[in-house]
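Structure data (PDB, C-alpha atoms, pLDDT in the B column) from protein-v3.pdb:
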ATOM      1  CA  MET A   1       0.000   0.000   0.000  1.00 52.00           C
ATOM      2  CA  ARG A   2       1.375   3.425  -0.936  1.00 55.00           C
ATOM      3  CA  THR A   3       0.606   6.755   0.673  1.00 55.00           C
ATOM      4  CA  GLN A   4       1.075  10.355  -0.292  1.00 58.00           C
ATOM      5  CA  ALA A   5       3.981  11.947   1.515  1.00 57.00           C
ATOM      6  CA  ASN A   6       3.001  14.368   4.235  1.00 72.00           C
ATOM      7  CA  GLY A   7       4.923  16.529   6.687  1.00 80.00           C
ATOM      8  CA  TRP A   8       5.532  13.661   9.119  1.00 83.00           C
ATOM      9  CA  GLN A   9       7.073  11.507   6.411  1.00 87.00           C
ATOM     10  CA  TYR A  10       9.476  14.269   5.391  1.00 89.00           C
ATOM     11  CA  PHE A  11      10.301  14.947   9.038  1.00 91.00           C
ATOM     12  CA  VAL A  12      10.952  11.260   9.797  1.00 91.00           C
ATOM     13  CA  ALA A  13      12.981  10.777   6.618  1.00 92.00           C
ATOM     14  CA  THR A  14      15.094  13.813   7.444  1.00 93.00           C
ATOM     15  CA  LEU A  15      15.739  12.580  10.988  1.00 93.00           C
ATOM     16  CA  LEU A  16      16.734   9.134   9.745  1.00 93.00           C
ATOM     17  CA  ILE A  17      19.040  10.552   7.080  1.00 94.00           C
ATOM     18  CA  VAL A  18      20.704  12.994   9.484  1.00 92.00           C
ATOM     19  CA  THR A  19      21.174  10.285  12.131  1.00 91.00           C
ATOM     20  CA  GLY A  20      22.612   7.980   9.481  1.00 91.00           C
ATOM     21  CA  VAL A  21      25.023  10.611   8.198  1.00 91.00           C
ATOM     22  CA  ILE A  22      26.193  11.337  11.752  1.00 88.00           C
ATOM     23  CA  ASN A  23      26.792   7.602  12.264  1.00 86.00           C
ATOM     24  CA  VAL A  24      28.841   7.520   9.058  1.00 89.00           C
ATOM     25  CA  ILE A  25      30.887  10.509  10.280  1.00 87.00           C
ATOM     26  CA  GLN A  26      31.412   8.830  13.655  1.00 82.00           C
ATOM     27  CA  GLY A  27      32.490   5.669  11.856  1.00 82.00           C
ATOM     28  CA  LEU A  28      35.004   7.571   9.763  1.00 86.00           C
ATOM     29  CA  ALA A  29      36.282   9.307  12.901  1.00 81.00           C
ATOM     30  CA  ALA A  30      36.748   5.932  14.613  1.00 77.00           C
ATOM     31  CA  ILE A  31      38.683   4.614  11.610  1.00 80.00           C
ATOM     32  CA  PHE A  32      40.921   7.611  10.909  1.00 82.00           C
ATOM     33  CA  THR A  33      41.242   9.256  14.350  1.00 77.00           C
ATOM     34  CA  PRO A  34      40.750   6.556  16.994  1.00 64.00           C
ATOM     35  CA  GLY A  35      41.979   8.952  19.698  1.00 65.00           C
ATOM     36  CA  PHE A  36      38.662  10.799  19.369  1.00 61.00           C
ATOM     37  CA  PHE A  37      36.895   7.957  21.140  1.00 60.00           C
ATOM     38  CA  VAL A  38      38.775   7.383  24.364  1.00 60.00           C
ATOM     39  CA  ALA A  39      37.818   4.413  26.505  1.00 58.00           C
ATOM     40  CA  THR A  40      39.232   4.083  30.002  1.00 58.00           C
ATOM     41  CA  GLU A  41      39.897   0.786  31.709  1.00 55.00           C
ATOM     42  CA  THR A  42      36.475   0.876  33.393  1.00 53.00           C
ATOM     43  CA  GLN A  43      34.620   1.288  30.102  1.00 54.00           C
ATOM     44  CA  MET A  44      34.014  -1.716  27.905  1.00 50.00           C
ATOM     45  CA  LEU A  45      35.220  -1.673  24.309  1.00 55.00           C
ATOM     46  CA  ILE A  46      34.388  -4.993  22.658  1.00 60.00           C
ATOM     47  CA  LEU A  47      35.809  -4.262  19.196  1.00 59.00           C
ATOM     48  CA  GLU A  48      38.827  -2.348  17.942  1.00 67.00           C
ATOM     49  CA  TYR A  49      38.290   1.235  16.806  1.00 68.00           C
ATOM     50  CA  GLY A  50      38.511   0.253  13.134  1.00 73.00           C
ATOM     51  CA  ALA A  51      35.822  -2.395  13.554  1.00 78.00           C
ATOM     52  CA  TRP A  52      33.607   0.079  15.407  1.00 76.00           C
ATOM     53  CA  GLY A  53      34.181   2.550  12.592  1.00 79.00           C
ATOM     54  CA  VAL A  54      33.101   0.060   9.936  1.00 87.00           C
ATOM     55  CA  LEU A  55      30.090  -1.006  12.016  1.00 87.00           C
ATOM     56  CA  LEU A  56      28.971   2.583  12.637  1.00 84.00           C
ATOM     57  CA  GLY A  57      29.524   3.486   8.992  1.00 89.00           C
ATOM     58  CA  LEU A  58      27.468   0.565   7.703  1.00 94.00           C
ATOM     59  CA  TRP A  59      24.725   1.233  10.261  1.00 92.00           C
ATOM     60  CA  GLY A  60      24.651   4.859   9.124  1.00 91.00           C
ATOM     61  CA  VAL A  61      24.278   3.819   5.483  1.00 95.00           C
ATOM     62  CA  VAL A  62      21.374   1.532   6.443  1.00 95.00           C
ATOM     63  CA  LEU A  63      19.683   4.397   8.340  1.00 93.00           C
ATOM     64  CA  VAL A  64      20.106   6.725   5.344  1.00 94.00           C
ATOM     65  CA  ALA A  65      18.609   4.051   3.071  1.00 95.00           C
ATOM     66  CA  ALA A  66      15.674   3.663   5.473  1.00 94.00           C
ATOM     67  CA  GLY A  67      15.126   7.426   5.457  1.00 93.00           C
ATOM     68  CA  LEU A  68      15.059   7.499   1.663  1.00 94.00           C
ATOM     69  CA  ALA A  69      12.767   4.463   1.579  1.00 93.00           C
ATOM     70  CA  VAL A  70      10.281   6.178   3.908  1.00 91.00           C
ATOM     71  CA  LEU A  71       9.805   8.835   1.243  1.00 89.00           C
ATOM     72  CA  SER A  72       8.460   6.156  -1.095  1.00 87.00           C
ATOM     73  CA  GLY A  73       5.437   5.823   1.179  1.00 83.00           C
ATOM     74  CA  SER A  74       5.445   2.026   1.110  1.00 85.00           C
ATOM     75  CA  ALA A  75       4.424   0.000   4.134  1.00 86.00           C
ATOM     76  CA  TRP A  76       7.593  -2.139   4.125  1.00 91.00           C
ATOM     77  CA  ALA A  77       9.736   1.018   4.407  1.00 91.00           C
ATOM     78  CA  ARG A  78       7.654   2.158   7.348  1.00 91.00           C
ATOM     79  CA  VAL A  79       8.082  -1.149   9.192  1.00 92.00           C
ATOM     80  CA  PHE A  80      11.792  -1.275   8.281  1.00 94.00           C
ATOM     81  CA  ALA A  81      12.349   2.225   9.680  1.00 94.00           C
ATOM     82  CA  ILE A  82      10.417   1.446  12.881  1.00 94.00           C
ATOM     83  CA  VAL A  83      12.548  -1.651  13.500  1.00 95.00           C
ATOM     84  CA  LEU A  84      15.782   0.230  12.769  1.00 94.00           C
ATOM     85  CA  SER A  85      14.827   3.123  15.041  1.00 93.00           C
ATOM     86  CA  ALA A  86      13.950   0.761  17.873  1.00 94.00           C
ATOM     87  CA  LEU A  87      17.245  -1.116  17.430  1.00 93.00           C
ATOM     88  CA  ASN A  88      19.143   2.169  17.296  1.00 89.00           C
ATOM     89  CA  ALA A  89      17.542   3.340  20.552  1.00 90.00           C
ATOM     90  CA  VAL A  90      18.422   0.065  22.283  1.00 89.00           C
ATOM     91  CA  ALA A  91      21.971   0.189  20.898  1.00 85.00           C
ATOM     92  CA  GLN A  92      22.419   3.694  22.301  1.00 83.00           C
ATOM     93  CA  LEU A  93      21.944   2.269  25.788  1.00 84.00           C
ATOM     94  CA  ALA A  94      25.364   0.625  25.358  1.00 76.00           C
ATOM     95  CA  PHE A  95      26.954   4.049  24.764  1.00 74.00           C
ATOM     96  CA  LEU A  96      25.123   5.772  27.625  1.00 77.00           C
ATOM     97  CA  ILE A  97      28.158   5.729  29.938  1.00 75.00           C
ATOM     98  CA  ALA A  98      30.688   6.766  27.280  1.00 70.00           C
ATOM     99  CA  MET A  99      28.620   9.534  25.641  1.00 75.00           C
ATOM    100  CA  PRO A 100      25.574  10.243  27.853  1.00 82.00           C
ATOM    101  CA  LEU A 101      24.349  13.443  26.207  1.00 88.00           C
ATOM    102  CA  TRP A 102      24.661  12.106  22.671  1.00 83.00           C
ATOM    103  CA  SER A 103      22.981   8.818  23.611  1.00 83.00           C
ATOM    104  CA  VAL A 104      20.018  10.580  25.213  1.00 90.00           C
ATOM    105  CA  VAL A 105      19.637  12.861  22.181  1.00 91.00           C
ATOM    106  CA  VAL A 106      19.707   9.912  19.772  1.00 89.00           C
ATOM    107  CA  ILE A 107      17.200   7.955  21.863  1.00 91.00           C
ATOM    108  CA  ALA A 108      14.883  10.990  21.817  1.00 93.00           C
ATOM    109  CA  ILE A 109      15.292  11.270  18.036  1.00 93.00           C
ATOM    110  CA  ASP A 110      14.515   7.566  17.645  1.00 91.00           C
ATOM    111  CA  ILE A 111      11.371   7.985  19.726  1.00 94.00           C
ATOM    112  CA  LEU A 112      10.309  10.909  17.501  1.00 92.00           C
ATOM    113  CA  VAL A 113      10.935   8.781  14.420  1.00 92.00           C
ATOM    114  CA  ILE A 114       8.832   5.921  15.807  1.00 93.00           C
ATOM    115  CA  TYR A 115       6.073   8.361  16.743  1.00 91.00           C
ATOM    116  CA  GLY A 116       6.118   9.924  13.292  1.00 90.00           C
ATOM    117  CA  LEU A 117       5.988   6.518  11.632  1.00 89.00           C
ATOM    118  CA  THR A 118       3.081   5.300  13.735  1.00 88.00           C
ATOM    119  CA  ALA A 119       0.872   8.197  14.815  1.00 83.00           C
ATOM    120  CA  GLY A 120       1.713  10.662  12.054  1.00 67.00           C
ATOM    121  CA  TRP A 121       1.340   8.315   9.104  1.00 65.00           C
ATOM    122  CA  PRO A 122      -1.053   9.480   6.362  1.00 59.00           C
ATOM    123  CA  ILE A 123      -3.898   7.458   4.936  1.00 59.00           C
ATOM    124  CA  ALA A 124      -3.398   5.547   1.704  1.00 57.00           C
ATOM    125  CA  VAL A 125      -3.761   7.342  -1.608  1.00 51.00           C
ATOM    126  CA  GLY A 126      -7.353   7.228  -2.807  1.00 52.00           C
ATOM    127  CA  ASP A 127      -8.688   5.813   0.459  1.00 51.00           C
ATOM    128  CA  SER A 128     -10.091   9.140   1.582  1.00 52.00           C
ATOM    129  CA  GLU A 129     -11.919   9.648  -1.696  1.00 53.00           C
ATOM    130  CA  ARG A 130     -13.213   6.079  -1.752  1.00 54.00           C
ATOM    131  CA  SER A 131     -14.314   6.126   1.876  1.00 51.00           C
ATOM    132  CA  ARG A 132     -16.017   9.494   1.447  1.00 50.00           C
ATOM    133  CA  GLU A 133     -17.843   8.234  -1.624  1.00 53.00           C
ATOM    134  CA  ALA A 134     -18.769   4.930   0.041  1.00 52.00           C
ATOM    135  CA  SER A 135     -20.153   6.670   3.128  1.00 48.00           C
ATOM    136  CA  TYR A 136     -22.130   9.032   0.909  1.00 51.00           C
ATOM    137  CA  GLN A 137     -23.564   6.116  -1.071  1.00 58.00           C
ATOM    138  CA  ALA A 138     -24.397   4.210   2.117  1.00 55.00           C
ATOM    139  CA  GLY A 139     -26.209   7.243   3.526  1.00 56.00           C
ATOM    140  CA  TYR A 140     -28.065   7.789   0.271  1.00 58.00           C
ATOM    141  CA  ARG A 141     -29.123   4.138   0.133  1.00 65.00           C
ATOM    142  CA  ALA A 142     -30.236   4.178   3.757  1.00 60.00           C
ATOM    143  CA  ALA A 143     -32.380   7.239   3.145  1.00 62.00           C
ATOM    144  CA  HIS A 144     -33.945   6.079  -0.124  1.00 65.00           C
ATOM    145  CA  ASP A 145     -34.283   2.319   0.130  1.00 68.00           C
ATOM    146  CA  ARG A 146     -37.520   0.903   1.431  1.00 65.00           C
ATOM    147  CA  PRO A 147     -37.237  -1.137   4.570  1.00 61.00           C
ATOM    148  CA  ARG A 148     -37.704  -4.875   3.990  1.00 65.00           C
ATOM    149  CA  ALA A 149     -39.844  -5.358   7.054  1.00 66.00           C
ATOM    150  CA  ALA A 150     -41.686  -2.941   9.235  1.00 64.00           C
ATOM    151  CA  PRO A 151     -39.728  -2.200  12.369  1.00 62.00           C
ATOM    152  CA  ARG A 152     -41.158  -3.578  15.574  1.00 69.00           C
ATOM    153  CA  PRO A 153     -42.447  -0.946  17.942  1.00 67.00           C
ATOM    154  CA  THR A 154     -40.512  -0.573  21.132  1.00 71.00           C
ATOM    155  CA  SER A 155     -41.900   0.533  24.426  1.00 69.00           C
ATOM    156  CA  SER A 156     -40.606   3.764  25.797  1.00 65.00           C
ATOM    157  CA  PRO A 157     -40.175   4.484  29.498  1.00 64.00           C
ATOM    158  CA  GLU A 158     -43.139   6.899  29.378  1.00 67.00           C
ATOM    159  CA  HIS A 159     -45.508   4.195  28.158  1.00 62.00           C
ATOM    160  CA  GLY A 160     -44.105   1.347  30.211  1.00 58.00           C
ATOM    161  CA  HIS A 161     -45.299   0.155  33.594  1.00 56.00           C
ATOM    162  CA  GLN A 162     -45.751   3.025  35.996  1.00 55.00           C
ATOM    163  CA  GLN A 163     -45.590   2.575  39.722  1.00 55.00           C
ATOM    164  CA  SER A 164     -48.145   4.392  41.785  1.00 51.00           C
ATOM    165  CA  THR A 165     -46.774   7.149  43.919  1.00 54.00           C
ATOM    166  CA  ASN A 166     -49.867   7.454  46.156  1.00 51.00           C
TER     167      ASN A 166
END
Can the structure from this file be put into structure tokens for me?
Amino acid sequence: MRTQANGWQYFVATLLIVTGVINVIQGLAAIFTPGFFVATETQMLILEYGAWGVLLGLWGVVLVAAGLAVLSGSAWARVFAIVLSALNAVAQLAFLIAMPLWSVVVIAIDILVIYGLTAGWPIAVGDSERSREASYQAGYRAAHDRPRAAPRPTSSPEHGHQQSTN
């Protein structure tokens, strides 16, 4: 199912692309200037700086691709971007001690992306016209068609059993 792009889609796509580009830049920084990311003995660094750089760079490219795919308006791109944003938010928890401010900002951005992809998603192209026309036709038919059987009378509270108040 395809949708027309609206403001939320452009907003979400922009956030995904910017986050992806920043990840690519961080990956390049980890590859070419590993001194930028300093880890003390108390902080855990599972991979070498070069491996982190490649991983961040590839993750950034995937986020940029998801942002561009969101602009297509297809449902698979929407689901793909929701999954990536959720994974990105969870992954930022690992960097919370090393870069707390950046991690909190990225988690907030990921939450905005998920919100935009779920609550701010537009209706499918043509659905509004079809549903408007269908509701008009249903109302017209209801007003002009003859009932098949006479409706059964119902008793109202005024005509029901009354208790004496004497």
Selection near region 14-29 of chain A, 9 Å with all atoms listed in the file, sequence-local residues under 5 positions removed, as a ChimeraX atom specification: /A:9,34-37,49-68,81,85,106,109-110,112-113
Among the residues A:Pro100, A:Ile82, A:Phe32, A:Val70, the one that comes closest to Ala13 (chain A) [using all atoms listed in the file]: A:Val70
Two-atom distance - CA of Ile114 (chain A), CA of Ala98 (chain A) (Å): 24.7 Å
Atom-to-atom span, CA of Leu84 (chain A) and CA of Ile31 (chain A), Å: 23.3 Å
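Between Leu87 (chain A) and the residues A:Val12, A:Asn6, A:Ala30, A:Ile107, the shortest atom-to-atom distance, using all atoms listed in the file, involves A:Ile107.
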